[in-house]
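Shown next: entry-v5.cif, containing mmCIF, C-alpha atoms.
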```cif
data_upload
loop_
_atom_site.group_PDB
_atom_site.id
_atom_site.type_symbol
_atom_site.label_atom_id
_atom_site.label_comp_id
_atom_site.auth_asym_id
_atom_site.auth_seq_id
_atom_site.Cartn_x
_atom_site.Cartn_y
_atom_site.Cartn_z
ATOM 1 C CA MET E 1 95.437 114.244 118.465
ATOM 2 C CA SER E 2 99.057 113.288 118.914
ATOM 3 C CA SER E 3 101.585 116.121 119.012
ATOM 4 C CA ILE E 4 104.795 116.191 116.988
ATOM 5 C CA SER E 5 106.887 115.490 120.090
ATOM 6 C CA GLU E 6 104.699 112.488 121.004
ATOM 7 C CA LEU E 7 104.908 111.097 117.463
ATOM 8 C CA ARG E 8 108.712 111.550 117.450
ATOM 9 C CA ARG E 9 108.972 109.756 120.789
ATOM 10 C CA ILE E 10 106.739 106.891 119.641
ATOM 11 C CA LEU E 11 108.558 106.424 116.327
ATOM 12 C CA GLY E 12 111.925 106.762 118.052
ATOM 13 C CA THR E 13 111.258 104.139 120.710
ATOM 14 C CA CYS E 14 108.964 101.598 119.010
ATOM 15 C CA ARG E 15 111.380 99.658 116.798
ATOM 16 C CA THR E 16 109.534 96.329 116.441
ATOM 17 C CA VAL E 17 106.232 96.791 114.639
ATOM 18 C CA ALA E 18 103.519 94.159 114.203
ATOM 19 C CA VAL E 19 101.611 95.167 111.063
ATOM 20 C CA VAL E 20 98.091 93.726 111.243
ATOM 21 C CA GLY E 21 96.628 93.319 107.769
ATOM 22 C CA LEU E 22 99.968 93.525 105.957
ATOM 23 C CA SER E 23 99.389 92.483 102.367
ATOM 24 C CA PRO E 24 101.930 90.416 100.397
ATOM 25 C CA GLN E 25 100.975 92.382 97.269
ATOM 26 C CA TRP E 26 103.577 95.066 96.475
ATOM 27 C CA HIS E 27 101.026 97.634 95.268
ATOM 28 C CA ARG E 28 98.986 97.714 98.484
ATOM 29 C CA PRO E 29 99.502 100.643 100.918
ATOM 30 C CA SER E 30 100.271 98.304 103.828
ATOM 31 C CA PHE E 31 103.127 96.702 101.871
ATOM 32 C CA PHE E 32 104.581 100.060 100.836
ATOM 33 C CA ALA E 33 104.403 101.479 104.379
ATOM 34 C CA ALA E 34 105.951 98.356 105.929
ATOM 35 C CA LYS E 35 108.703 98.220 103.301
ATOM 36 C CA TYR E 36 109.524 101.869 103.993
ATOM 37 C CA MET E 37 109.704 101.271 107.752
ATOM 38 C CA GLN E 38 111.806 98.143 107.238
ATOM 39 C CA ALA E 39 114.215 100.122 105.036
ATOM 40 C CA HIS E 40 114.550 102.640 107.858
ATOM 41 C CA GLY E 41 115.657 100.109 110.456
ATOM 42 C CA TYR E 42 112.379 98.911 111.946
ATOM 43 C CA ARG E 43 111.700 95.228 112.488
ATOM 44 C CA ILE E 44 108.450 94.400 110.714
ATOM 45 C CA VAL E 45 106.339 91.523 112.019
ATOM 46 C CA PRO E 46 103.609 90.637 109.482
ATOM 47 C CA VAL E 47 100.231 89.609 110.900
ATOM 48 C CA ASN E 48 98.208 88.024 108.105
ATOM 49 C CA PRO E 49 96.704 84.537 108.482
ATOM 50 C CA ALA E 50 96.566 84.070 104.694
ATOM 51 C CA ALA E 51 100.316 84.528 104.130
ATOM 52 C CA THR E 52 103.358 82.542 105.270
ATOM 53 C CA GLN E 53 106.016 85.175 104.589
ATOM 54 C CA ILE E 54 105.980 88.887 103.711
ATOM 55 C CA LEU E 55 108.989 91.167 103.199
ATOM 56 C CA GLY E 56 111.319 88.322 104.144
ATOM 57 C CA GLU E 57 109.688 87.900 107.565
ATOM 58 C CA ARG E 58 107.502 85.050 108.781
ATOM 59 C CA SER E 59 103.822 85.998 108.875
ATOM 60 C CA TYR E 60 101.684 85.153 111.907
ATOM 61 C CA PRO E 61 97.911 84.549 112.172
ATOM 62 C CA SER E 62 97.488 86.932 115.131
ATOM 63 C CA VAL E 63 99.323 89.479 117.249
ATOM 64 C CA ALA E 64 99.327 87.041 120.185
ATOM 65 C CA ALA E 65 100.923 84.284 118.069
ATOM 66 C CA ALA E 66 103.557 86.735 116.821
ATOM 67 C CA ALA E 67 104.321 87.937 120.350
ATOM 68 C CA GLN E 68 104.642 84.378 121.630
ATOM 69 C CA ALA E 69 107.003 83.327 118.806
ATOM 70 C CA LEU E 70 109.147 86.456 119.129
ATOM 71 C CA GLY E 71 109.117 86.269 122.918
ATOM 72 C CA SER E 72 110.886 82.898 122.737
ATOM 73 C CA GLN E 73 113.669 84.739 120.834
ATOM 74 C CA GLY E 74 113.787 87.520 123.422
ATOM 75 C CA VAL E 75 112.094 90.057 121.128
ATOM 76 C CA ARG E 76 109.149 92.226 122.219
ATOM 77 C CA ILE E 77 106.571 93.848 119.934
ATOM 78 C CA ASP E 78 106.594 97.589 120.617
ATOM 79 C CA MET E 79 103.883 98.816 118.248
ATOM 80 C CA VAL E 80 100.768 97.240 116.760
ATOM 81 C CA ASP E 81 100.058 99.001 113.452
ATOM 82 C CA CYS E 82 96.520 98.327 112.178
ATOM 83 C CA PHE E 83 95.600 98.168 108.504
ATOM 84 C CA ARG E 84 92.080 96.952 109.258
ATOM 85 C CA LYS E 85 88.583 98.457 109.293
ATOM 86 C CA SER E 86 87.604 100.563 112.294
ATOM 87 C CA GLU E 87 85.108 97.932 113.466
ATOM 88 C CA ASP E 88 87.876 95.263 113.509
ATOM 89 C CA ILE E 89 90.116 97.199 115.923
ATOM 90 C CA ALA E 90 88.628 96.192 119.312
ATOM 91 C CA PRO E 91 90.053 92.630 119.407
ATOM 92 C CA ILE E 92 93.377 93.861 118.019
ATOM 93 C CA ALA E 93 93.547 96.479 120.779
ATOM 94 C CA GLN E 94 92.858 93.745 123.351
ATOM 95 C CA GLU E 95 95.729 91.687 121.940
ATOM 96 C CA ALA E 96 98.032 94.732 121.991
ATOM 97 C CA VAL E 97 97.221 95.254 125.668
ATOM 98 C CA ALA E 98 97.633 91.536 126.449
ATOM 99 C CA ILE E 99 101.110 91.305 124.895
ATOM 100 C CA GLY E 100 102.312 94.501 126.601
ATOM 101 C CA ALA E 101 102.842 96.598 123.478
ATOM 102 C CA SER E 102 103.735 100.260 123.943
ATOM 103 C CA CYS E 103 101.614 101.686 121.133
ATOM 104 C CA LEU E 104 98.443 100.983 119.175
ATOM 105 C CA TRP E 105 98.602 102.771 115.805
ATOM 106 C CA MET E 106 95.564 102.989 113.537
ATOM 107 C CA GLN E 107 96.173 103.916 109.919
ATOM 108 C CA LEU E 108 94.527 106.642 107.841
ATOM 109 C CA GLY E 109 90.751 106.401 107.990
ATOM 110 C CA VAL E 110 90.781 104.034 110.978
ATOM 111 C CA VAL E 111 89.159 105.444 114.117
ATOM 112 C CA ASN E 112 87.776 103.434 117.033
ATOM 113 C CA GLU E 113 87.343 105.531 120.186
ATOM 114 C CA ALA E 114 86.250 102.634 122.422
ATOM 115 C CA ALA E 115 89.315 100.558 121.527
ATOM 116 C CA ALA E 116 91.536 103.625 121.907
ATOM 117 C CA GLN E 117 90.195 104.326 125.392
ATOM 118 C CA ARG E 118 90.714 100.706 126.412
ATOM 119 C CA ALA E 119 94.314 100.802 125.145
ATOM 120 C CA ARG E 120 95.026 104.181 126.782
ATOM 121 C CA GLY E 121 93.568 102.868 130.036
ATOM 122 C CA ALA E 122 96.117 100.046 129.915
ATOM 123 C CA GLY E 123 98.962 102.534 129.416
ATOM 124 C CA LEU E 124 99.462 102.296 125.652
ATOM 125 C CA ASP E 125 100.093 105.286 123.412
ATOM 126 C CA VAL E 126 97.339 105.489 120.804
ATOM 127 C CA VAL E 127 97.566 107.113 117.382
ATOM 128 C CA MET E 128 94.479 107.174 115.157
ATOM 129 C CA ASP E 129 93.846 108.190 111.564
ATOM 130 C CA ARG E 130 97.539 108.632 110.701
ATOM 131 C CA CYS E 131 99.946 106.709 108.484
ATOM 132 C CA VAL E 132 103.109 105.511 110.189
ATOM 133 C CA LYS E 133 105.089 105.903 106.943
ATOM 134 C CA ILE E 134 103.884 109.443 106.288
ATOM 135 C CA GLU E 135 104.529 110.524 109.878
ATOM 136 C CA HIS E 136 108.005 108.995 109.903
ATOM 137 C CA ALA E 137 108.849 110.634 106.586
ATOM 138 C CA ARG E 138 107.483 113.992 107.749
ATOM 139 C CA LEU E 139 109.287 113.964 111.087
ATOM 140 C CA PHE E 140 112.547 112.231 110.137
ATOM 141 C CA GLY E 141 113.109 113.509 106.584
ATOM 142 C CA GLY E 142 112.058 110.636 104.343
ATOM 143 C CA LEU E 143 109.460 112.299 102.118
ATOM 144 C CA ASN E 144 111.775 112.062 99.103
ATOM 145 C CA TRP E 145 111.505 108.243 99.335
ATOM 146 C CA ALA E 146 108.163 108.488 97.549
ATOM 147 C CA GLY E 147 109.434 110.973 94.978
ATOM 148 C CA VAL E 148 108.308 114.125 96.783
ATOM 149 C CA ASN E 149 110.563 117.103 96.102
ATOM 150 C CA THR E 150 111.200 118.381 99.602
ATOM 151 C CA ARG E 151 113.385 121.257 98.360
ATOM 152 C CA VAL E 152 115.997 120.326 100.928
ATOM 153 C CA ILE E 153 119.463 121.517 100.019
ATOM 154 C CA SER E 154 121.694 118.570 99.191
ATOM 155 C CA ALA E 155 125.377 118.051 98.473
ATOM 156 C CA ARG E 156 124.422 115.592 95.740
ATOM 157 C CA ARG E 157 125.027 116.714 92.209
ATOM 158 C CA PRO E 158 121.736 116.963 90.305
ATOM 159 C CA GLN E 159 121.290 114.448 87.508
ATOM 160 C CA GLN E 160 121.098 116.075 84.141
ATOM 161 C CA LEU E 161 119.060 114.666 81.326
ATOM 162 C CA PRO E 162 120.977 113.972 78.062
ATOM 163 C CA TYR E 163 118.836 116.340 75.983
#
```
Encoded form using structure tokens:
Amino acid sequence: MSSISELRRILGTCRTVAVVGLSPQWHRPSFFAAKYMQAHGYRIVPVNPAATQILGERSYPSVAAAAQALGSQGVRIDMVDCFRKSEDIAPIAQEAVAIGASCLWMQLGVVNEAAAQRARGAGLDVVMDRCVKIEHARLFGGLNWAGVNTRVISARRPQQLPY
């Protein structure tokens, strides 16, 4: 299990995120999480072979294709965020290792110990069964983005209803 300090370090240093399985449909969790991260200064790299563009960014058929295209621009993928089934993670982990990513992040409900061990053995940080959006919001104060009342004192004047 990743500690709070490890999660802070990962989210603080991994600024270019390849989101594998990013959906172009606004109501899907992958879209919402990626949009949140994009709004908080992260570069989102969609990896979805069925889409050409998502969130204003070109979509790539694989992590390797994305890394190659971005590498020609001098950009490196720091994190590979997986919105795929647990059994689909092994080849994605191999690609993350091959491109030299810093972190392999598996979303809520996604756990693949063999792929995690392979990635850790290659020096990658591995986070499993956690949502990148939820962890960022929890650790960097963005829970109110989803309408959660965090009860944080604010200098903003509360809006009053007209009735």
Mind listing as a ChimeraX atom specification all residues within 6 Å of (106.0, 94.5, 123.1), counting all atoms listed in the file?
-> /E:76-78,100-101
How close does region 64-128 of chain E get to region 38-54 of chain E? List, as CSV, each residue of region 64-128 of chain E within 12 Å, its nearest atom pair and the distance in Å to one decimal, counting all atoms listed in the file.
```
residue,atom,partner,partner_atom,distance
E:Ala64,CA,E:Val47,CA,9.7
E:Ala65,CA,E:Val47,CA,9.0
E:Ala66,CA,E:Val45,CA,7.3
E:Ala67,CA,E:Val45,CA,9.3
E:Ala69,CA,E:Val45,CA,10.7
E:Leu70,CA,E:Val45,CA,9.2
E:Val75,CA,E:Arg43,CA,10.1
E:Arg76,CA,E:Arg43,CA,10.5
E:Ile77,CA,E:Val45,CA,8.3
E:Asp78,CA,E:Arg43,CA,9.9
E:Met79,CA,E:Ile44,CA,9.9
E:Val80,CA,E:Val45,CA,9.3
E:Asp81,CA,E:Val47,CA,9.7
E:Cys82,CA,E:Val47,CA,9.6
E:Phe83,CA,E:Val47,CA,10.0
E:Arg84,CA,E:Asn48,CA,10.9
E:Ile92,CA,E:Val47,CA,10.8
```
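Straight-line separation from CA of Gln107 (chain E) to CA of Ile89 (chain E): 10.9 Å.
You will find CA of Ser5 (chain E) at 11.6 Å from CA of Glu135 (chain E).
Nearest residue to Lys35 (chain E) among E:Ala119, E:Val132, E:Leu139, E:Ala96 is E:Val132, counting only C-alpha atoms.
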Wanna dump the region 22-106 of chain E-region 113-116 of chain E contacts at 8 Å for me, each residue with its shortest atom pair and the distance in Å to one decimal, counting all atoms listed in the file, ordered by chain and number, as a tab-separated table?
```
residue	atom	partner	partner_atom	distance
E:Ile89	CA	E:Ala115	CA	6.6
E:Ala90	CA	E:Ala115	CA	4.9
E:Ala93	CA	E:Ala115	CA	5.9
E:Gln94	CA	E:Ala115	CA	7.9
E:Leu104	CA	E:Ala116	CA	7.9
```
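Put simply, CA of Val127 (chain E) is 6.0 Å away from CA of Met106 (chain E).
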For Cys14 (chain E), work out the shell of residues within 8 Å, counting only C-alpha atoms and skipping chain neighbours fewer than 2 positions away, then give it as a count of residues only.
-> 9
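Nearest residue to Cys131 (chain E) among E:Trp105, E:Tyr36, E:Tyr60, E:Phe31 is E:Trp105, counting only C-alpha atoms.
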Please produce region 49-73 of chain E, completed to N, CA, C and O atoms, as a short mmCIF file (atom, residue, chain, number, x, y, z; two decimals), keeping the file's coordinate frame.
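The resulting file, out.cif, is reproduced below:
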```cif
data_model
loop_
_atom_site.label_atom_id
_atom_site.label_comp_id
_atom_site.auth_asym_id
_atom_site.auth_seq_id
_atom_site.Cartn_x
_atom_site.Cartn_y
_atom_site.Cartn_z
N PRO E 49 96.88 85.99 108.45
CA PRO E 49 96.70 84.54 108.48
C PRO E 49 96.74 83.87 107.11
O PRO E 49 96.95 82.67 107.01
N ALA E 50 96.59 84.65 106.04
CA ALA E 50 96.57 84.07 104.69
C ALA E 50 97.95 83.98 104.05
O ALA E 50 98.09 83.43 102.97
N ALA E 51 98.97 84.52 104.71
CA ALA E 51 100.32 84.53 104.13
C ALA E 51 101.28 83.78 105.04
O ALA E 51 101.08 83.71 106.26
N THR E 52 102.34 83.22 104.46
CA THR E 52 103.36 82.54 105.27
C THR E 52 104.58 83.43 105.48
O THR E 52 105.24 83.33 106.50
N GLN E 53 104.85 84.30 104.50
CA GLN E 53 106.02 85.18 104.59
C GLN E 53 105.75 86.45 103.79
O GLN E 53 105.22 86.41 102.68
N ILE E 54 106.12 87.59 104.38
CA ILE E 54 105.98 88.89 103.71
C ILE E 54 107.22 89.71 104.04
O ILE E 54 107.65 89.75 105.20
N LEU E 55 107.80 90.33 103.04
CA LEU E 55 108.99 91.17 103.20
C LEU E 55 110.14 90.41 103.87
O LEU E 55 110.91 90.98 104.64
N GLY E 56 110.24 89.13 103.59
CA GLY E 56 111.32 88.32 104.14
C GLY E 56 111.13 87.93 105.59
O GLY E 56 112.03 87.36 106.21
N GLU E 57 109.99 88.23 106.16
CA GLU E 57 109.69 87.90 107.56
C GLU E 57 108.53 86.91 107.62
O GLU E 57 107.61 86.96 106.81
N ARG E 58 108.59 86.01 108.59
CA ARG E 58 107.50 85.05 108.78
C ARG E 58 106.23 85.79 109.17
O ARG E 58 106.25 86.70 109.99
N SER E 59 105.11 85.39 108.58
CA SER E 59 103.82 86.00 108.88
C SER E 59 103.09 85.15 109.92
O SER E 59 103.17 83.92 109.89
N TYR E 60 102.38 85.82 110.82
CA TYR E 60 101.68 85.15 111.91
C TYR E 60 100.18 85.36 111.76
O TYR E 60 99.74 86.37 111.22
N PRO E 61 99.37 84.43 112.29
CA PRO E 61 97.91 84.55 112.17
C PRO E 61 97.30 85.60 113.10
O PRO E 61 96.20 86.06 112.86
N SER E 62 98.02 85.95 114.18
CA SER E 62 97.49 86.93 115.13
C SER E 62 98.64 87.64 115.83
O SER E 62 99.79 87.17 115.81
N VAL E 63 98.31 88.74 116.49
CA VAL E 63 99.32 89.48 117.25
C VAL E 63 99.83 88.62 118.41
O VAL E 63 101.03 88.59 118.69
N ALA E 64 98.93 87.89 119.05
CA ALA E 64 99.33 87.04 120.18
C ALA E 64 100.30 85.95 119.74
O ALA E 64 101.29 85.68 120.42
N ALA E 65 100.03 85.33 118.58
CA ALA E 65 100.92 84.28 118.07
C ALA E 65 102.29 84.87 117.73
O ALA E 65 103.33 84.26 118.00
N ALA E 66 102.29 86.07 117.16
CA ALA E 66 103.56 86.74 116.82
C ALA E 66 104.34 87.06 118.08
O ALA E 66 105.55 86.81 118.16
N ALA E 67 103.66 87.58 119.09
CA ALA E 67 104.32 87.94 120.35
C ALA E 67 104.90 86.71 121.05
O ALA E 67 106.01 86.76 121.58
N GLN E 68 104.16 85.61 121.00
CA GLN E 68 104.64 84.38 121.63
C GLN E 68 105.88 83.85 120.91
O GLN E 68 106.87 83.49 121.55
N ALA E 69 105.85 83.82 119.58
CA ALA E 69 107.00 83.33 118.81
C ALA E 69 108.22 84.22 118.99
O ALA E 69 109.34 83.73 119.17
N LEU E 70 108.03 85.53 118.97
CA LEU E 70 109.15 86.46 119.13
C LEU E 70 109.65 86.48 120.57
O LEU E 70 110.84 86.68 120.81
N GLY E 71 108.73 86.30 121.51
CA GLY E 71 109.12 86.27 122.92
C GLY E 71 110.10 85.15 123.23
O GLY E 71 110.99 85.30 124.05
N SER E 72 109.96 84.01 122.53
CA SER E 72 110.89 82.90 122.74
C SER E 72 112.28 83.24 122.22
O SER E 72 113.25 82.61 122.59
N GLN E 73 112.37 84.27 121.35
CA GLN E 73 113.67 84.74 120.83
C GLN E 73 114.18 85.95 121.62
O GLN E 73 115.21 86.52 121.29
#
```
